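Engineer: model-v9.csv (CSV, C-alpha atoms) pasted underneath:
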```csv
chain,number,residue,atom,x,y,z
H,19,GLU,CA,171.1,124.4,50.9
H,20,ALA,CA,173.7,126.3,52.9
H,21,GLN,CA,175.9,123.8,54.6
H,22,VAL,CA,179.3,122.5,55.7
H,23,THR,CA,180.0,119.0,54.5
H,24,GLN,CA,182.7,116.6,55.7
H,25,ASN,CA,183.9,113.3,54.3
H,26,PRO,CA,184.3,110.6,55.3
H,27,ARG,CA,181.8,110.5,58.1
H,28,TYR,CA,183.4,107.5,59.6
H,29,LEU,CA,186.9,106.2,59.2
H,30,ILE,CA,188.9,103.3,60.7
H,31,THR,CA,192.6,103.2,59.9
H,32,VAL,CA,195.9,102.0,61.2
H,33,THR,CA,198.8,103.8,62.7
H,34,GLY,CA,201.0,105.6,60.2
H,35,LYS,CA,198.7,105.5,57.2
H,36,LYS,CA,198.2,109.0,55.9
H,37,LEU,CA,194.7,110.2,55.6
H,38,THR,CA,192.8,113.3,54.6
H,39,VAL,CA,189.4,114.5,55.9
H,40,THR,CA,187.7,116.9,53.5
H,41,CYS,CA,185.6,119.9,54.5
H,42,SER,CA,183.7,122.1,52.1
H,43,GLN,CA,181.3,125.0,52.6
H,44,ASN,CA,179.0,126.7,50.1
H,45,MET,CA,178.3,129.9,52.0
H,46,ASN,CA,181.3,131.9,50.7
H,47,HIS,CA,182.7,132.1,54.3
H,48,GLU,CA,186.1,133.6,54.9
H,49,TYR,CA,186.8,131.8,58.1
H,50,MET,CA,187.1,128.0,58.5
H,51,SER,CA,188.4,125.8,61.3
H,52,TRP,CA,188.8,122.3,62.5
H,53,TYR,CA,188.0,121.0,66.0
H,54,ARG,CA,188.4,117.7,67.7
H,55,GLN,CA,186.1,116.5,70.5
H,56,ASP,CA,187.0,114.0,73.1
H,57,PRO,CA,185.1,112.9,76.2
H,58,GLY,CA,185.6,115.2,79.1
H,59,LEU,CA,187.7,117.6,77.1
H,60,GLY,CA,185.0,119.4,75.1
H,61,LEU,CA,185.8,120.9,71.7
H,62,ARG,CA,189.4,121.9,71.0
H,63,GLN,CA,190.5,123.9,68.0
H,64,ILE,CA,193.1,122.3,65.8
H,65,TYR,CA,193.7,124.8,63.0
H,66,TYR,CA,191.9,127.7,61.5
H,67,SER,CA,192.1,129.8,58.4
H,68,MET,CA,191.2,133.4,57.9
H,69,ASN,CA,191.2,133.2,54.1
H,70,VAL,CA,192.8,131.5,51.2
H,71,GLU,CA,196.4,130.6,51.8
H,72,VAL,CA,196.1,131.9,55.4
H,73,THR,CA,196.2,129.3,58.1
H,74,ASP,CA,197.2,129.3,61.8
H,75,LYS,CA,197.5,126.9,64.7
H,76,GLY,CA,194.7,126.5,67.2
H,77,ASP,CA,195.1,124.9,70.6
H,78,VAL,CA,196.0,121.4,69.6
H,79,PRO,CA,197.8,121.4,66.2
H,80,GLU,CA,200.4,118.7,66.8
H,81,GLY,CA,200.1,115.8,64.3
H,82,TYR,CA,197.9,117.7,61.9
H,83,LYS,CA,198.3,119.7,58.7
H,84,VAL,CA,195.8,121.9,56.8
H,85,SER,CA,195.7,123.7,53.5
H,86,ARG,CA,193.4,126.4,52.1
H,87,LYS,CA,193.9,126.6,48.4
H,88,GLU,CA,190.3,127.4,47.6
H,89,LYS,CA,187.9,129.5,49.7
H,90,ARG,CA,185.3,126.7,50.0
H,91,ASN,CA,187.6,123.8,51.0
H,92,PHE,CA,189.7,123.2,54.1
H,93,PRO,CA,191.1,119.7,54.3
H,94,LEU,CA,192.6,118.2,57.4
H,95,ILE,CA,195.6,116.0,56.8
H,96,LEU,CA,197.0,113.4,59.2
H,97,GLU,CA,200.4,112.5,57.8
H,98,SER,CA,201.1,109.7,60.3
H,99,PRO,CA,198.0,109.0,62.4
H,100,SER,CA,198.5,107.7,65.9
H,101,PRO,CA,195.9,106.1,68.3
H,102,ASN,CA,195.7,109.3,70.3
H,103,GLN,CA,194.2,111.0,67.3
H,104,THR,CA,191.2,108.8,67.6
H,105,SER,CA,188.4,111.4,68.1
H,106,LEU,CA,185.3,113.1,66.7
H,107,TYR,CA,186.3,115.9,64.3
H,108,PHE,CA,184.3,118.9,63.3
H,109,CYS,CA,184.8,121.4,60.6
H,110,ALA,CA,183.2,124.9,60.9
H,111,SER,CA,182.9,128.1,59.0
H,112,SER,CA,181.7,131.6,59.4
H,113,PHE,CA,181.7,134.9,57.4
H,114,PHE,CA,184.3,136.4,59.7
H,115,ALA,CA,186.7,135.4,62.4
H,116,PRO,CA,185.2,135.0,65.9
H,117,SER,CA,186.2,138.4,66.9
H,118,SER,CA,183.0,140.0,65.7
H,119,TYR,CA,179.3,139.2,65.8
H,120,ASN,CA,179.0,136.1,63.7
H,121,GLU,CA,177.8,132.6,63.8
H,122,GLN,CA,179.9,129.5,63.4
H,123,PHE,CA,178.3,126.8,61.1
H,124,PHE,CA,179.5,123.2,61.9
H,125,GLY,CA,179.7,120.2,59.7
H,126,PRO,CA,178.2,116.8,60.7
H,127,GLY,CA,181.4,115.4,62.1
H,128,THR,CA,183.9,112.7,61.2
H,129,ARG,CA,184.5,109.9,63.6
H,130,LEU,CA,188.1,108.7,63.3
H,131,THR,CA,189.5,105.5,64.8
H,132,VAL,CA,193.2,104.9,64.6
H,133,LEU,CA,194.2,101.3,65.5
J,17,LEU,CA,192.1,134.8,77.0
J,18,ALA,CA,188.7,135.0,78.7
J,19,LYS,CA,188.0,131.7,80.3
J,20,THR,CA,184.4,130.6,81.0
J,21,THR,CA,183.1,128.4,83.8
J,22,GLN,CA,179.8,126.6,83.7
J,23,PRO,CA,178.1,123.8,85.7
J,24,ILE,CA,179.0,120.4,84.4
J,25,SER,CA,175.5,119.2,84.3
J,26,MET,CA,171.9,120.1,85.1
J,27,ASP,CA,168.6,118.2,85.3
J,28,SER,CA,165.1,119.5,84.6
J,29,TYR,CA,161.6,118.4,83.8
J,30,GLU,CA,159.5,119.1,80.8
J,31,GLY,CA,157.7,122.4,80.9
J,32,GLN,CA,160.1,124.1,83.3
J,33,GLU,CA,162.3,127.1,82.7
J,34,VAL,CA,166.0,126.3,82.8
J,35,ASN,CA,168.7,128.9,83.5
J,36,ILE,CA,172.3,128.0,82.9
J,37,THR,CA,174.8,130.5,84.3
J,38,CYS,CA,178.3,131.1,82.8
J,39,SER,CA,181.1,132.9,84.6
J,40,HIS,CA,183.6,134.9,82.6
J,41,ASN,CA,185.5,137.1,85.0
J,42,ASN,CA,188.2,138.2,82.6
J,43,ILE,CA,185.9,139.3,79.8
J,44,ALA,CA,187.3,142.1,77.7
J,45,THR,CA,185.5,145.3,76.9
J,46,ASN,CA,184.7,144.4,73.3
J,47,ASP,CA,184.0,140.7,73.8
J,48,TYR,CA,180.7,139.2,72.9
J,49,ILE,CA,179.1,136.2,74.8
J,50,THR,CA,177.8,133.4,72.6
J,51,TRP,CA,175.9,130.2,73.4
J,52,TYR,CA,175.9,127.0,71.3
J,53,GLN,CA,173.8,123.8,71.7
J,54,GLN,CA,175.2,120.4,70.8
J,55,PHE,CA,173.2,117.1,70.4
J,56,PRO,CA,175.1,113.8,70.6
J,57,SER,CA,177.2,113.1,67.5
J,58,GLN,CA,176.2,116.4,65.9
J,59,GLY,CA,178.1,119.7,65.4
J,60,PRO,CA,177.3,122.6,67.7
J,61,ARG,CA,174.5,124.9,66.7
J,62,PHE,CA,174.4,128.7,67.4
J,63,ILE,CA,171.7,129.6,69.9
J,64,ILE,CA,172.2,133.2,70.9
J,65,GLN,CA,174.7,136.0,71.3
J,66,GLY,CA,174.8,139.2,73.2
J,67,TYR,CA,176.9,142.0,74.6
J,68,LYS,CA,175.0,143.5,77.5
J,69,THR,CA,171.6,143.6,79.2
J,70,LYS,CA,169.1,141.2,77.6
J,71,VAL,CA,168.8,139.5,74.2
J,72,THR,CA,165.8,137.3,73.2
J,73,ASN,CA,165.1,135.2,70.2
J,74,GLU,CA,162.6,132.5,69.3
J,75,VAL,CA,164.7,129.9,71.2
J,76,ALA,CA,166.2,131.5,74.3
J,77,SER,CA,167.0,134.6,76.2
J,78,LEU,CA,170.4,135.8,77.3
J,79,PHE,CA,170.8,137.9,80.4
J,80,ILE,CA,174.0,139.8,81.0
J,81,PRO,CA,174.5,142.0,84.1
J,82,ALA,CA,176.1,145.4,84.0
J,83,ASP,CA,179.6,144.1,85.0
J,84,ARG,CA,179.4,141.4,82.3
J,85,LYS,CA,181.4,139.0,84.4
J,86,SER,CA,178.6,136.4,84.0
J,87,SER,CA,175.7,135.6,81.8
J,88,THR,CA,172.6,133.4,82.0
J,89,LEU,CA,171.1,131.4,79.2
J,90,SER,CA,167.3,131.0,79.8
J,91,LEU,CA,165.4,128.2,78.1
J,92,PRO,CA,161.6,128.7,78.6
J,93,ARG,CA,159.4,125.6,79.0
J,94,VAL,CA,162.0,123.0,78.0
J,95,SER,CA,161.0,119.8,76.3
J,96,LEU,CA,162.8,116.4,75.9
J,97,SER,CA,164.4,117.6,72.7
J,98,ASP,CA,166.3,120.3,74.6
J,99,THR,CA,168.4,117.6,76.2
J,100,ALA,CA,171.9,118.6,74.9
J,101,VAL,CA,175.2,120.1,75.9
J,102,TYR,CA,175.3,123.9,76.1
J,103,TYR,CA,178.5,125.9,75.6
J,104,CYS,CA,179.2,129.4,76.7
J,105,LEU,CA,181.9,131.2,74.7
J,106,VAL,CA,183.4,134.5,74.9
J,107,ASP,CA,184.4,135.8,71.5
J,108,LYS,CA,187.9,137.3,71.6
J,109,SER,CA,187.7,140.8,70.3
J,110,SER,CA,191.3,140.8,69.4
J,111,GLY,CA,192.1,137.4,68.1
J,112,ASP,CA,191.0,134.6,65.7
J,113,LYS,CA,190.8,131.6,67.9
J,114,LEU,CA,187.5,130.3,69.4
J,115,THR,CA,187.7,128.3,72.6
J,116,PHE,CA,184.9,126.0,73.8
J,117,GLY,CA,184.8,124.8,77.3
J,118,THR,CA,183.4,121.5,78.4
J,119,GLY,CA,179.9,122.8,78.4
J,120,THR,CA,176.8,122.1,80.6
J,121,ARG,CA,175.1,118.8,80.0
J,122,LEU,CA,171.3,119.4,80.3
J,123,ALA,CA,169.0,116.4,80.9
J,124,VAL,CA,165.3,117.0,80.5
J,125,ARG,CA,163.1,114.3,82.0
J,126,PRO,CA,159.4,113.6,81.3
```
Just dump the structure as structure tokens.
Structural biologist:
Amino acid sequence: EAQVTQNPRYLITVTGKKLTVTCSQNMNHEYMSWYRQDPGLGLRQIYYSMNVEVTDKGDVPEGYKVSRKEKRNFPLILESPSPNQTSLYFCASSFFAPSSYNEQFFGPGTRLTVL
Amino acid sequence: LAKTTQPISMDSYEGQEVNITCSHNNIATNDYITWYQQFPSQGPRFIIQGYKTKVTNEVASLFIPADRKSSTLSLPRVSLSDTAVYYCLVDKSSGDKLTFGTGTRLAVRP
């Protein structure tokens, strides 16, 4: 089944404890991205990747890192999480960047709470 | 960056047609207009995309006037399961970012 998977789905952690949220897609998509969703603010893009070893900042990159060593995986890393990073996170992928006719496929989401 | 403006919320009843209008005054010549649907605690799901005039699929229709400064998503005969948030996006034709607004929260009542 074609899909985007994220792990973990739920995570409660404490301030400063490094964590990684994994994202994997099995559709051979070139483009992958991470979003966070907060009440009243909609979806905001954190980082995106056009292809392996190519990443760039979205609208809210502060406090996050990403890597794209393989085409199918795009982990989101929080080196020192803070309470303001408590949010619902979505990973997405598509064949091409959003500058052409293409559909973004979203993962199920990861609900992160930083105490 | 083409910014979109949508109503924050809309209410409807089962069986009615719902039209959600999105304003995008700064749309560029090569930009497409895309709509996504999101249910609570789920990722957004692609509904429809268009460039001009009218596009229809099994879920919805998208109407785009000649000046392309707005677009209307039409959901025929909505049901309770259409209760969701609907996002209008303008795909940048010259960039790689994708910007979602806050969307329109549609509530369908029995």
Engineer: What are the closest atom pairs, with distances in Å to one decimal, for all residues of segment 29-110 of chain J lying within 12 Å of segment 114-124 of chain J? Consider all atoms listed in the file, order rows by chain and residue number, and present the result as JSON lines.
Structural biologist:
```
{"residue": "J:Tyr29", "atom": "CA", "partner": "J:Val124", "partner_atom": "CA", "distance": 5.2}
{"residue": "J:Glu30", "atom": "CA", "partner": "J:Val124", "partner_atom": "CA", "distance": 6.2}
{"residue": "J:Gly31", "atom": "CA", "partner": "J:Val124", "partner_atom": "CA", "distance": 9.3}
{"residue": "J:Gln32", "atom": "CA", "partner": "J:Val124", "partner_atom": "CA", "distance": 9.2}
{"residue": "J:Glu33", "atom": "CA", "partner": "J:Val124", "partner_atom": "CA", "distance": 10.8}
{"residue": "J:Val34", "atom": "CA", "partner": "J:Leu122", "partner_atom": "CA", "distance": 9.1}
{"residue": "J:Asn35", "atom": "CA", "partner": "J:Leu122", "partner_atom": "CA", "distance": 10.4}
{"residue": "J:Ile36", "atom": "CA", "partner": "J:Thr120", "partner_atom": "CA", "distance": 7.8}
{"residue": "J:Thr37", "atom": "CA", "partner": "J:Thr120", "partner_atom": "CA", "distance": 9.4}
{"residue": "J:Cys38", "atom": "CA", "partner": "J:Thr120", "partner_atom": "CA", "distance": 9.4}
{"residue": "J:Ser39", "atom": "CA", "partner": "J:Gly117", "partner_atom": "CA", "distance": 11.5}
{"residue": "J:His40", "atom": "CA", "partner": "J:Gly117", "partner_atom": "CA", "distance": 11.5}
{"residue": "J:Asp47", "atom": "CA", "partner": "J:Leu114", "partner_atom": "CA", "distance": 11.8}
{"residue": "J:Tyr48", "atom": "CA", "partner": "J:Leu114", "partner_atom": "CA", "distance": 11.7}
{"residue": "J:Ile49", "atom": "CA", "partner": "J:Leu114", "partner_atom": "CA", "distance": 11.6}
{"residue": "J:Thr50", "atom": "CA", "partner": "J:Phe116", "partner_atom": "CA", "distance": 10.3}
{"residue": "J:Trp51", "atom": "CA", "partner": "J:Gly119", "partner_atom": "CA", "distance": 9.8}
{"residue": "J:Tyr52", "atom": "CA", "partner": "J:Gly119", "partner_atom": "CA", "distance": 9.2}
{"residue": "J:Gln53", "atom": "CA", "partner": "J:Gly119", "partner_atom": "CA", "distance": 9.1}
{"residue": "J:Gln54", "atom": "CA", "partner": "J:Gly119", "partner_atom": "CA", "distance": 9.3}
{"residue": "J:Phe55", "atom": "CA", "partner": "J:Arg121", "partner_atom": "CA", "distance": 9.9}
{"residue": "J:Pro56", "atom": "CA", "partner": "J:Arg121", "partner_atom": "CA", "distance": 10.6}
{"residue": "J:Pro60", "atom": "CA", "partner": "J:Phe116", "partner_atom": "CA", "distance": 10.3}
{"residue": "J:Leu89", "atom": "CA", "partner": "J:Thr120", "partner_atom": "CA", "distance": 11.0}
{"residue": "J:Leu91", "atom": "CA", "partner": "J:Leu122", "partner_atom": "CA", "distance": 10.8}
{"residue": "J:Arg93", "atom": "CA", "partner": "J:Val124", "partner_atom": "CA", "distance": 10.5}
{"residue": "J:Val94", "atom": "CA", "partner": "J:Val124", "partner_atom": "CA", "distance": 7.3}
{"residue": "J:Ser95", "atom": "CA", "partner": "J:Val124", "partner_atom": "CA", "distance": 6.6}
{"residue": "J:Leu96", "atom": "CA", "partner": "J:Val124", "partner_atom": "CA", "distance": 5.3}
{"residue": "J:Ser97", "atom": "CA", "partner": "J:Val124", "partner_atom": "CA", "distance": 7.9}
{"residue": "J:Asp98", "atom": "CA", "partner": "J:Val124", "partner_atom": "CA", "distance": 6.8}
{"residue": "J:Thr99", "atom": "CA", "partner": "J:Ala123", "partner_atom": "CA", "distance": 4.9}
{"residue": "J:Ala100", "atom": "CA", "partner": "J:Leu122", "partner_atom": "CA", "distance": 5.5}
{"residue": "J:Val101", "atom": "CA", "partner": "J:Arg121", "partner_atom": "CA", "distance": 4.3}
{"residue": "J:Tyr102", "atom": "CA", "partner": "J:Thr120", "partner_atom": "CA", "distance": 5.1}
{"residue": "J:Tyr103", "atom": "CA", "partner": "J:Gly119", "partner_atom": "CA", "distance": 4.4}
{"residue": "J:Cys104", "atom": "CA", "partner": "J:Gly119", "partner_atom": "CA", "distance": 6.9}
{"residue": "J:Leu105", "atom": "CA", "partner": "J:Phe116", "partner_atom": "CA", "distance": 6.1}
{"residue": "J:Val106", "atom": "CA", "partner": "J:Thr115", "partner_atom": "CA", "distance": 7.9}
{"residue": "J:Asp107", "atom": "CA", "partner": "J:Leu114", "partner_atom": "CA", "distance": 6.7}
{"residue": "J:Lys108", "atom": "CA", "partner": "J:Leu114", "partner_atom": "CA", "distance": 7.3}
{"residue": "J:Ser109", "atom": "CA", "partner": "J:Leu114", "partner_atom": "CA", "distance": 10.5}
{"residue": "J:Ser110", "atom": "CA", "partner": "J:Leu114", "partner_atom": "CA", "distance": 11.2}
```
Engineer: Sort by chain and increasing residue number a table of all residues of chain H within 8 Å of chain J, each with its closest pair of atoms and their distance in Å to one decimal, counting all atoms listed in the file, and write it as a tab-separated table.
Structural biologist:
```
residue	atom	partner	partner_atom	distance
H:Gly58	CA	J:Thr118	CA	6.7
H:Leu59	CA	J:Thr118	CA	5.9
H:Gly60	CA	J:Thr118	CA	4.2
H:Leu61	CA	J:Phe116	CA	5.6
H:Arg62	CA	J:Phe116	CA	6.7
H:Gln63	CA	J:Thr115	CA	7.0
H:Tyr66	CA	J:Lys113	CA	7.6
H:Met68	CA	J:Asp112	CA	7.9
H:Gly76	CA	J:Lys113	CA	6.5
H:Phe108	CA	J:Gly59	CA	6.6
H:Ala115	CA	J:Asp112	CA	5.5
H:Pro116	CA	J:Asp107	CA	5.7
H:Ser117	CA	J:Ser109	CA	4.4
H:Ser118	CA	J:Ser109	CA	6.6
H:Tyr119	CA	J:Tyr48	CA	7.2
H:Glu121	CA	J:Phe62	CA	6.3
H:Gln122	CA	J:Phe62	CA	6.8
H:Phe123	CA	J:Arg61	CA	7.0
H:Phe124	CA	J:Gly59	CA	5.1
H:Gly125	CA	J:Gly59	CA	5.9
H:Pro126	CA	J:Gly59	CA	5.5
H:Gly127	CA	J:Gly59	CA	6.3
```
Engineer: Quick one: write out the picked residues with C-alpha atoms as a PDB file, in the coordinates of the input?
Structural biologist:
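Everything below was put into result_26.pdb:
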```
ATOM      1  CA  GLY H  58     185.600 115.200  79.100  1.00  0.00           C
ATOM      2  CA  LEU H  59     187.700 117.600  77.100  1.00  0.00           C
ATOM      3  CA  GLY H  60     185.000 119.400  75.100  1.00  0.00           C
ATOM      4  CA  LEU H  61     185.800 120.900  71.700  1.00  0.00           C
ATOM      5  CA  ARG H  62     189.400 121.900  71.000  1.00  0.00           C
ATOM      6  CA  GLN H  63     190.500 123.900  68.000  1.00  0.00           C
ATOM      7  CA  TYR H  66     191.900 127.700  61.500  1.00  0.00           C
ATOM      8  CA  MET H  68     191.200 133.400  57.900  1.00  0.00           C
ATOM      9  CA  GLY H  76     194.700 126.500  67.200  1.00  0.00           C
ATOM     10  CA  PHE H 108     184.300 118.900  63.300  1.00  0.00           C
ATOM     11  CA  ALA H 115     186.700 135.400  62.400  1.00  0.00           C
ATOM     12  CA  PRO H 116     185.200 135.000  65.900  1.00  0.00           C
ATOM     13  CA  SER H 117     186.200 138.400  66.900  1.00  0.00           C
ATOM     14  CA  SER H 118     183.000 140.000  65.700  1.00  0.00           C
ATOM     15  CA  TYR H 119     179.300 139.200  65.800  1.00  0.00           C
ATOM     16  CA  GLU H 121     177.800 132.600  63.800  1.00  0.00           C
ATOM     17  CA  GLN H 122     179.900 129.500  63.400  1.00  0.00           C
ATOM     18  CA  PHE H 123     178.300 126.800  61.100  1.00  0.00           C
ATOM     19  CA  PHE H 124     179.500 123.200  61.900  1.00  0.00           C
ATOM     20  CA  GLY H 125     179.700 120.200  59.700  1.00  0.00           C
ATOM     21  CA  PRO H 126     178.200 116.800  60.700  1.00  0.00           C
ATOM     22  CA  GLY H 127     181.400 115.400  62.100  1.00  0.00           C
TER      23      GLY H 127
END
```
Engineer: Rounded to one decimal place, report the atom CA of Asn42 of chain J-atom CA of Lys75 of chain H distance in Å.
Structural biologist: 23.1 Å
Engineer: With all atoms listed in the file as the atoms that count, which of H:Val78, H:Val132, H:Cys41, H:Val70 lies nearest to Thr23 of chain H?
Structural biologist: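 That would be H:Cys41, the residue with the smallest distance to Thr23 of chain H.
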Engineer: Need the neighbours of (200.5, 113.1, 57.2): which residues are at most 8 Å away, counting all atoms listed in the file, as a PDB file with C-alpha atoms, keeping the file's coordinate frame?
Structural biologist:
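Heads up, here's the output in result.pdb:
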```pdb
ATOM      1  CA  LYS H  35     198.700 105.500  57.200  1.00  0.00           C
ATOM      2  CA  LYS H  36     198.200 109.000  55.900  1.00  0.00           C
ATOM      3  CA  LEU H  37     194.700 110.200  55.600  1.00  0.00           C
ATOM      4  CA  GLY H  81     200.100 115.800  64.300  1.00  0.00           C
ATOM      5  CA  TYR H  82     197.900 117.700  61.900  1.00  0.00           C
ATOM      6  CA  LYS H  83     198.300 119.700  58.700  1.00  0.00           C
ATOM      7  CA  ILE H  95     195.600 116.000  56.800  1.00  0.00           C
ATOM      8  CA  LEU H  96     197.000 113.400  59.200  1.00  0.00           C
ATOM      9  CA  GLU H  97     200.400 112.500  57.800  1.00  0.00           C
ATOM     10  CA  SER H  98     201.100 109.700  60.300  1.00  0.00           C
ATOM     11  CA  PRO H  99     198.000 109.000  62.400  1.00  0.00           C
TER      12      PRO H  99
END
```
Engineer: Separation of atom CA of Asn25 of chain H and atom CA of Thr128 of chain H, in Å?
Structural biologist: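 A separation of 6.9 Å between them.
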Engineer: Using only C-alpha atoms, which residue out of H:Asp56, H:Gln24, H:His47, H:Thr40 lies closest to Ser105 of chain H?
Structural biologist: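 Among the listed residues, H:Asp56 lies closest to Ser105 of chain H.
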Engineer: Work out how far apart atom CA of Pro126 of chain J and atom CA of Glu74 of chain J are and give it in Å to one decimal.
Structural biologist: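 One can read the atom CA of Pro126 of chain J to atom CA of Glu74 of chain J distance as 22.6 Å.
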Engineer: Within 7 Å of Leu130 of chain H, counting all atoms listed in the file, which residues qualify if same-chain residues fewer than 3 places away don't, as an NGL selection string?
Structural biologist: :H and (28-30 or 104-106)
Engineer: I need the chosen residues saved as a tab-separated table (two decimals), in the coordinates of the input, with C-alpha atoms.
Structural biologist:
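The result, stored in again_18.tsv:
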```tsv
chain	number	residue	atom	x	y	z
H	28	TYR	CA	183.40	107.50	59.60
H	29	LEU	CA	186.90	106.20	59.20
H	30	ILE	CA	188.90	103.30	60.70
H	104	THR	CA	191.20	108.80	67.60
H	105	SER	CA	188.40	111.40	68.10
H	106	LEU	CA	185.30	113.10	66.70
```
Engineer: Got a sec: who's within 10 Å of Asn69 of chain H, counting all atoms listed in the file, leaving out chain neighbours fewer than 6 positions off, as a PyMOL selection string?
Structural biologist: chain H and resi 47-50+86-90+114-115
Engineer: Given the choices H:Val32, H:Thr131, H:Ser111, H:Pro101, which gets closest to Trp52 of chain H if the distance is worked out from only C-alpha atoms?
Structural biologist: H:Ser111
